[in-house]
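Participant: Mind looking over this structure? Questions follow.
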Amino acid sequence: MAQRGDTSKKVILGILIIAGIAIPFFTGNFIIRFFTNALMFAILASAWNIIGGYTGYASFGNVVFLGIGAYVSAVLMEKGGVPFWIAFPASGLGSAVFAVLIGLPVLRLKGHYFAIATLGVAEAMKALVDNLDITEGNSGIYLPVMNLSVKAQYIFFYFMMLGVLALTLIVTYVMLKKKLGYGLIAIREDEEAAGSLGVNTTLFKVTSFALSGFFSGLAGSLYAYQQGFIKPESVFDVGVTVKMIVMAVFGGIGSLLGPLLGALSIEIISEVLTNYFLVAHTLFFGAIVILAIVFTPKGIMDIVSGRKKFGLNYLLQNIRDHRV
Amino acid sequence: MILQIIVNGILKGGLYALMALGMSLIWGVMDIINIAHGAFIMLGAYCSYWLFTLWGVDPFISLFLSIFFMFLVGYAIQKYLINLVIRATIFITLILAFGIEIFLNNLALVMWTADVRKVQVPYGAANFNIGTVTIPYVRLSAFIIALVIAGIFYIVLNKTRTGRSIRATAQDLDAARLVGVDVAKTYALTFGMGVGAAGAAGTLWAILFPINPMMGGILTLKSFVVVIIGGLGTMFGPIIGGLTLGVAEALGSNWFGATYENLISFTILVLVLIFLPRGILGKRE
Amino acid sequence: MVILEGKGITKVFGGLKAVSEVDFVLNQGEILGLIGPNGAGKTTIINMISGTYAPTEGRVVFKGMDITGKKPYQIGRMGISRTYQIVKPFPGMTVKENVSVGAMFGARGKELSAREAIEKAEAVLEFVGLQEMAEYRADDLNVASRKRLEMAKALAMGPEVILFDEVMAGLNFSEIDKAVDLIQKIRNEGISILVIEHVMRAIKKVCDRIFVLHHGAKIADGTPEEVLNDETVIKAYLGRRYKELVQ
């Protein structure tokens with residue numbers, strides 16, 4: 001079944017890996033920075049995919065993990081003099097712990113209520129960080145300057161993001177082969193049945209959320225260190241959550257590489273639009289999101305994997321399946 | 001002093017309630033969380049702003065035009081866009097709503113620039129006193145209008161045929177179809193009504209506060225809080241929710257400082273969801 | 001030897017007493033039938049055994065251990081599995097994957113790795129006769145196969161007790177006979193079974209004992225001959241013409 005799909009998936013993966021490693025050595029700083037940013041979103045989208053795509057709990061607040069990761073690193077490094085190599089994993093762990101604490105009450109909610117609750121948590125954290133002294137509140141917090149040349153810094157962050165993305169995808173891949181993966185998908189497909197079959201749904205959901213938080217937290221740490229200065233509005237911005245969800249959906253929820261492809265596509269499309277339509281690029285972006293979601297709700301991976309033939313009929317069938 | 005704060009909270013709460021009414025209707029009937037809700041409030045606000053600035057139309061009169069115009073916008077969007085994806089998973093409709101929000105916000109930005117605007121009505125500062133409490137007329141009117149519109153919604157939904165088809169569709173889609181309800185049209189009507197209410201809230205907001213194209217985001221979030229606190233399924237849920245939020249924010253801002261307003265709102269949201277997910281008036285399923 | 005029993009089980013929902021003071025006993029290796037009109041409380045009893053709800057009063061005892069109020073996944077892992085009246089397949093997974101989940105998390109799940117559980121799922125599919133559909137998506141199956149899949153998932157858990165909730169609803173005569181054979185085959189593996197059914201020909205063929213629920217209370221308990229000829233049962237559920245039809 002789907003042999004054509006398997007081969008094309010492997011080819012894509014191969015291209016991505018080679019390109020991923022080669023890019024920084026053949027391009028200028030601007031492109032490296034562009035891809036570093038795209039990789040960060042790929043991490044966020046892939047991490048979201050764990051709780052949203054595989055477990056079926058659409059979190060609307062995942063940016064909170066980016067923010068917590070960013071601020072944990074910022075505060076530890078700037079206020080505590082802690083070196084990056086400790087702050088970085090601490091960010092991931094901090095976000096994961098937060099995910100467990102907030103997940104236990106909130107994962108009892110379903111569907112829309114879970115989505116809104118996570119959104120509320122993210123906004124509340126933004127407001128909290130805005131008001132705390134240790135985070136410098138609304139004025140923003142600086143991080144220590146790196147002791148490397150500009151070019152070296154660009155390359156460093158690029159490979160760090162690439163590394164975290166690889167880690168995220170590898171862990172997800174392994175998880176899918178193990179009981180945790182099967183359990184999460186079972187929860188997504190029918191939580192009550194999963195429980196009857198012996199799946200400890202609370203434990204699995206919280207684990208899924210914690211993993212999602214962990215990788216997003218690592219990305220947050222890198223983002224903060226790279227920027228050198230962060231404010232609550234930027235690292236707790238609901239727009240970031242929107243973007244990562246759009247990317248995951250556009251790429252294909254519940255597929256391993258979907259979010260990565262979605263992130264790359266959306267970032268490239270955004271960049272192209274910004275170049276052509278300086279003033280109205282977000283407007284066109286919004287239009288593209290609308291068109292994409294109406295005509296290709298299952299995302300790119302559905303097309304790429306070869307399961308269905310792409311063409312006008314595919315687009316129209318999607319509408320026929322989902323219209324009122 | 002504390003009475004003044006509570007009164008301020010109640011008056012603002014009425015406005016919050018009106019903002020949330022539309023969202024509650026759409027959510028309750030179609031199970032759609034309208035992320036673009038704030039954008040529609042913004043459009044209603046600009047509608048009245050331009051009518052006032054260009055042709056001197058008083059906002060309390062342009063309220064009706066705002067409602068009517070936004071109703072049409074909502075109706076069209078539901079009929080030609082949202083109805084195309086409504087049977088898909090919740091992500092899909094959510095992302096469509098995000099797309100619409102991005103589109104509308106940036107359309108406004110392109111057309112009207114990011115400048116902050118204000119509808120400067122001559123009677124804006126007029127107020128009266130009851131004892132030690134000062135009540136601005138416009139705030140009181142906004143509050144009353146909010147209640148009136150909620151009342152109208154209640155009447156339409158419970159006493160008219162259209163309202164019955166809307167409620168039937170909400171309760172059991174297939175059964176409604178079987179008795180001949182045109183579901184596509186009912187959804188369009190419902191969305192139109194919800195957006196119309198948003199438009200009204202926008203007009204009132206414009207009278208009271210400055211407006212800009214990006215004002216919608218936080219208003220959508222606040223509307224969620226109101227809907228959740230009050231509970232889905234009744235038209236008076238948003239009223240209770242709005243009042244609760246308005247008073248809580250007023251008291252909280254007073255005790256902790258104005259910068260804590262959002263922290264208070266969202267903490268309440270999360271706590272309500274955890275401990276009282278159906279909200280104060282929500283139907284027990 | 002008693003493997004599962006309910007003692008004075010009662011369930012009250014708001015103002016409604018769905019089940020009142022029901023006692024039942026399931027012996028090791030036995031097939032016990034539970035019949036009664038719709039709304040009698042049969043599925044509620046299964047839900048209380050499997051942990052979906054806790055009884056308002058009363059105890060559920062499994063192999064001498066009180067399991068009242070335990071969570072569904074705990075009860076599943078202890079060795080009791082169940083099916084659902086309206087089947088609950090995992091639509092996005094293949095038939096084999098569906099059954100694998102049961103194998104991974106059921107009573108015998110701890111002993112198996114993910115890969116071993118998938119192998120066990122293949123064996124279970126053979127046992128129930130679904131091996132040809134192993135790679136089909138679960139939601140592509142017809143009614144009879146879906147019911148069978150539901151049974152396979154429960155079986156894959158490696159239970160000592162299975163609770164079947166109307167596994168024959170919607171089946172035609174030949175499918176019913178096949179289902180009856182499968183149930184007997186399962187019992188021959190040493191598994192004790194509680195069967196809720198409306199299909200009388202199946203109940204007669206397959207059950208060692210039957211108990212009858214009406215308005216939440218037990219009104220009869222005994223062998224199929226005793227129960228199906230009992231006046232109160234005939235009045236409440238079977239109807240006068242049943243005897244004639246069945247003769």
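Within each chain, counting starts at residue 1; across the structure tokens, chains are named A, B, ... in the order shown, with ligands numbered 1 upward in that order.
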Kindly provide, as an MDAnalysis selection string, the residues of chain A having any atom no farther than 7 Å from an atom of chain B, counting only C-alpha atoms.
Facilitator: chainID A and resid 105:106 117 120:121 123:124 127:128 246 280 282:283 286:287 289:290 293:294 297 319 322:324
Participant: Please, could you write that set of residues out with C-alpha atoms as an mmCIF file, in the first residue's frame?
Facilitator:
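The result, stored in again.cif:
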```
data_model
loop_
_atom_site.group_PDB
_atom_site.id
_atom_site.type_symbol
_atom_site.label_atom_id
_atom_site.label_comp_id
_atom_site.auth_asym_id
_atom_site.auth_seq_id
_atom_site.Cartn_x
_atom_site.Cartn_y
_atom_site.Cartn_z
ATOM 1 C CA PRO A 105 -6.087 20.205 35.641
ATOM 2 C CA VAL A 106 -6.458 21.437 32.090
ATOM 3 C CA ALA A 117 -8.052 27.108 28.749
ATOM 4 C CA GLY A 120 -6.018 31.624 28.899
ATOM 5 C CA VAL A 121 -2.933 30.134 30.514
ATOM 6 C CA GLU A 123 -2.272 35.088 28.184
ATOM 7 C CA ALA A 124 -2.167 34.888 31.966
ATOM 8 C CA ALA A 127 0.404 39.236 31.944
ATOM 9 C CA LEU A 128 2.245 37.728 34.908
ATOM 10 C CA VAL A 246 -1.416 26.944 10.691
ATOM 11 C CA ALA A 280 -0.281 44.436 2.195
ATOM 12 C CA THR A 282 -0.106 40.088 5.703
ATOM 13 C CA LEU A 283 -3.364 40.706 3.931
ATOM 14 C CA GLY A 286 -4.508 35.878 5.412
ATOM 15 C CA ALA A 287 -6.089 35.219 2.032
ATOM 16 C CA VAL A 289 -4.493 30.799 4.758
ATOM 17 C CA ILE A 290 -8.192 30.974 3.940
ATOM 18 C CA ILE A 293 -7.734 25.688 4.580
ATOM 19 C CA VAL A 294 -10.798 25.521 2.382
ATOM 20 C CA PRO A 297 -7.491 21.027 4.858
ATOM 21 C CA ILE A 319 -15.095 21.062 -0.014
ATOM 22 C CA HIS A 322 -16.781 19.371 4.693
ATOM 23 C CA ARG A 323 -19.511 21.689 3.558
ATOM 24 C CA VAL A 324 -22.686 22.126 5.494
#
```
Participant: Within 8 Å of chain A, which residues of chain C come that close, and what is the closest atom pair and distance in Å for each? Count only C-alpha atoms and give it as a tab-separated table.
Facilitator:
```
residue	atom	partner	partner_atom	distance
C:Ser50	CA	A:Ser196	CA	7.4
C:Pro72	CA	A:Ser196	CA	5.2
C:Tyr73	CA	A:Gly198	CA	3.9
C:Gln74	CA	A:Gly198	CA	6.5
C:Ile75	CA	A:Gly198	CA	7.6
C:Gly76	CA	A:Gly198	CA	4.9
C:Arg77	CA	A:Gly198	CA	5.5
C:Ser81	CA	A:Ser196	CA	7.0
C:Arg82	CA	A:Ser196	CA	7.2
C:Lys88	CA	A:Ala193	CA	6.2
C:Pro89	CA	A:Asp190	CA	7.6
C:Phe90	CA	A:Glu189	CA	5.1
C:Pro91	CA	A:Glu189	CA	6.5
C:Gly92	CA	A:Glu189	CA	6.8
C:Val101	CA	A:Tyr182	CA	6.6
C:Gly102	CA	A:Leu197	CA	5.3
C:Met104	CA	A:Lys179	CA	6.7
C:Phe105	CA	A:Gly198	CA	4.8
C:Gly106	CA	A:Gly198	CA	5.3
C:Ala107	CA	A:Gly198	CA	7.8
C:Ser113	CA	A:Lys179	CA	7.8
C:Ala114	CA	A:Lys178	CA	5.5
C:Lys153	CA	A:Leu197	CA	7.7
C:Ala154	CA	A:Leu197	CA	7.1
C:Met157	CA	A:Leu197	CA	7.0
```
Participant: Which parts of segment 62-276 of chain A does DSSP call alpha helix (DSSP H) when run on the backbone here, written out as a VMD selection string?
Facilitator: chain A and resid 63 to 74 80 84 to 106 111 to 131 150 to 177 179 to 189 191 to 196 201 to 227 232 to 235 238 to 251 258 to 276
Participant: Would you please work out which residue, of C:Gly58, C:Gly14, C:Pro224, C:Gly36, is nearest to chain B when using only C-alpha atoms?
Facilitator: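 Going through C:Gly58, C:Gly14, C:Pro224, C:Gly36 one by one, the smallest distance to chain B is for C:Gly14.
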Participant: Give the strand (DSSP E) residues of segment 86-214 of chain C, as assigned by DSSP on the backbone, as a list in words.
Facilitator: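 Of segment 86-214 of chain C, the ones in strand (DSSP E) are Val161, Ile162, Leu163, Phe164, Asp165, Ser192, Ile193, Leu194, Val195, Ile196, Arg209, Ile210, Phe211, Val212, Leu213 and His214 of chain C.
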Participant: With a distance cut-off of 6 Å and only C-alpha atoms, select the neighbouring residues of segment 136-138 of chain C, excluding the residue or stretch itself and same-chain residues fewer than 6 positions from it, and output the selection as a PyMOL selection string.
Facilitator: chain C and resi 91+93-95
Participant: Those selected residues, please, written with C-alpha atoms and delivered as a PDB file, in the first residue's frame.
Facilitator:
```
ATOM      1  CA  PRO C  91     -11.110   5.079  12.868  1.00  0.00           C
ATOM      2  CA  MET C  93      -5.930   3.158  12.609  1.00  0.00           C
ATOM      3  CA  THR C  94      -5.888  -0.117  10.720  1.00  0.00           C
ATOM      4  CA  VAL C  95      -7.699  -3.147  12.070  1.00  0.00           C
TER       5      VAL C  95
END
```
Participant: Find the residues near Ser95 of chain A: any atom within 10 Å, counting only C-alpha atoms, skip ones fewer than 4 places away on the same chain, and give them as a short mmCIF file (atom, residue, chain, number, x, y, z; two decimals) with N, CA and C atoms, in the first residue's frame.
Facilitator:
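selection.cif was written with the following content:
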```
data_model
loop_
_atom_site.label_atom_id
_atom_site.label_comp_id
_atom_site.auth_asym_id
_atom_site.auth_seq_id
_atom_site.Cartn_x
_atom_site.Cartn_y
_atom_site.Cartn_z
N VAL A 64 3.18 29.57 25.24
CA VAL A 64 3.58 29.76 26.64
C VAL A 64 4.90 29.03 26.93
N PHE A 65 5.10 27.90 26.25
CA PHE A 65 6.34 27.15 26.48
C PHE A 65 7.54 27.86 25.86
N LEU A 66 7.29 28.50 24.71
CA LEU A 66 8.36 29.29 24.11
C LEU A 66 8.75 30.40 25.08
N GLY A 67 7.72 31.06 25.60
CA GLY A 67 7.95 32.18 26.51
C GLY A 67 8.65 31.76 27.79
N ILE A 68 8.20 30.66 28.37
CA ILE A 68 8.81 30.21 29.62
C ILE A 68 10.26 29.82 29.37
N GLY A 69 10.50 29.10 28.27
CA GLY A 69 11.87 28.73 27.92
C GLY A 69 12.73 29.96 27.76
N ALA A 70 12.20 30.95 27.06
CA ALA A 70 12.96 32.17 26.82
C ALA A 70 13.29 32.88 28.13
N VAL A 72 13.19 31.65 31.27
CA VAL A 72 14.04 30.87 32.18
C VAL A 72 15.50 31.09 31.82
N PRO A 89 19.16 23.46 28.82
CA PRO A 89 18.31 22.36 29.25
C PRO A 89 17.35 22.76 30.36
N ALA A 90 17.75 23.72 31.20
CA ALA A 90 16.85 24.16 32.26
C ALA A 90 15.58 24.74 31.67
N SER A 91 15.72 25.44 30.54
CA SER A 91 14.54 25.99 29.88
C SER A 91 13.60 24.90 29.45
N ALA A 99 4.27 22.33 32.00
CA ALA A 99 3.27 21.56 31.24
C ALA A 99 2.60 20.53 32.13
N VAL A 100 3.38 19.88 32.97
CA VAL A 100 2.79 18.88 33.86
C VAL A 100 1.85 19.54 34.86
N LEU A 101 2.32 20.63 35.47
CA LEU A 101 1.50 21.30 36.49
C LEU A 101 0.19 21.82 35.92
N PHE A 209 1.95 16.35 26.65
CA PHE A 209 2.01 17.80 26.85
C PHE A 209 3.40 18.21 27.31
N ALA A 210 3.98 17.41 28.19
CA ALA A 210 5.30 17.73 28.71
C ALA A 210 6.36 17.66 27.60
N LEU A 211 6.24 16.67 26.73
CA LEU A 211 7.18 16.59 25.61
C LEU A 211 7.05 17.82 24.72
N SER A 212 5.78 18.15 24.45
CA SER A 212 5.52 19.32 23.62
C SER A 212 6.16 20.56 24.24
N GLY A 213 6.00 20.68 25.55
CA GLY A 213 6.56 21.82 26.26
C GLY A 213 8.07 21.82 26.27
N PHE A 214 8.64 20.64 26.45
CA PHE A 214 10.09 20.54 26.55
C PHE A 214 10.77 21.09 25.30
N PHE A 215 10.33 20.60 24.13
CA PHE A 215 11.01 21.03 22.90
C PHE A 215 10.75 22.50 22.61
N SER A 216 9.54 22.96 22.91
CA SER A 216 9.24 24.37 22.69
C SER A 216 10.08 25.23 23.62
N GLY A 217 10.31 24.73 24.83
CA GLY A 217 11.13 25.47 25.80
C GLY A 217 12.56 25.60 25.32
N LEU A 218 13.09 24.53 24.75
CA LEU A 218 14.45 24.60 24.21
C LEU A 218 14.52 25.66 23.11
N GLY A 220 12.68 28.21 22.84
CA GLY A 220 12.58 29.51 23.49
C GLY A 220 13.92 29.99 24.01
#
```
Participant: Work out how far apart atom CA of Tyr75 of chain B and atom CA of Thr190 of chain B are and give it in Å to one decimal.
Facilitator: 7.8 Å
Participant: Atom CA of Tyr16 of chain B and atom CA of Val226 of chain B are how many Å apart?
Facilitator: 7.2 Å
Participant: Considering only C-alpha atoms, return as a PyMOL selection string whatever protein or nucleic-acid residues lie within 8 Å of Val143 of chain C, sequence-local ones (same chain, fewer than 4 positions apart) excluded.
Facilitator: chain C and resi 147+170-171
Participant: Residues at most 9 Å from Ala121 of chain C, counting only C-alpha atoms, excluding those fewer than 3 positions away in the same chain, as a VMD selection string?
Facilitator: chain C and resid 96 to 103 116 to 118 124 to 126 152 to 153 156
Participant: Take the selection from the previous step and output its residues with C-alpha atoms, as a short mmCIF file (atom, residue, chain, number, x, y, z; two decimals), in the first residue's frame.
Facilitator:
```
data_model
loop_
_atom_site.label_atom_id
_atom_site.label_comp_id
_atom_site.auth_asym_id
_atom_site.auth_seq_id
_atom_site.Cartn_x
_atom_site.Cartn_y
_atom_site.Cartn_z
CA LYS C 96 -4.42 -4.65 13.21
CA GLU C 97 -3.35 -1.46 14.94
CA ASN C 98 -6.70 -1.32 16.69
CA VAL C 99 -6.24 -4.78 18.12
CA SER C 100 -2.59 -4.07 18.97
CA VAL C 101 -3.67 -1.34 21.34
CA GLY C 102 -5.64 -3.92 23.29
CA ALA C 103 -2.64 -6.22 23.35
CA GLU C 116 5.33 -8.37 20.42
CA ALA C 117 1.91 -6.88 21.00
CA ILE C 118 1.49 -6.35 17.27
CA VAL C 124 -6.03 -12.59 17.75
CA LEU C 125 -7.18 -11.51 14.30
CA GLU C 126 -6.75 -15.10 13.11
CA ALA C 152 -11.00 -8.80 19.01
CA LYS C 153 -9.81 -5.68 20.81
CA ALA C 156 -6.33 -9.01 22.75
#
```
Participant: Give me the residues near Thr43 of chain C as a list in words, where near means some atom within 9 Å (using only C-alpha atoms) and where sequence neighbours in that chain fewer than 6 positions away do not count.
Facilitator: Tyr84, Gln85, Asp165 and Ile196 of chain C
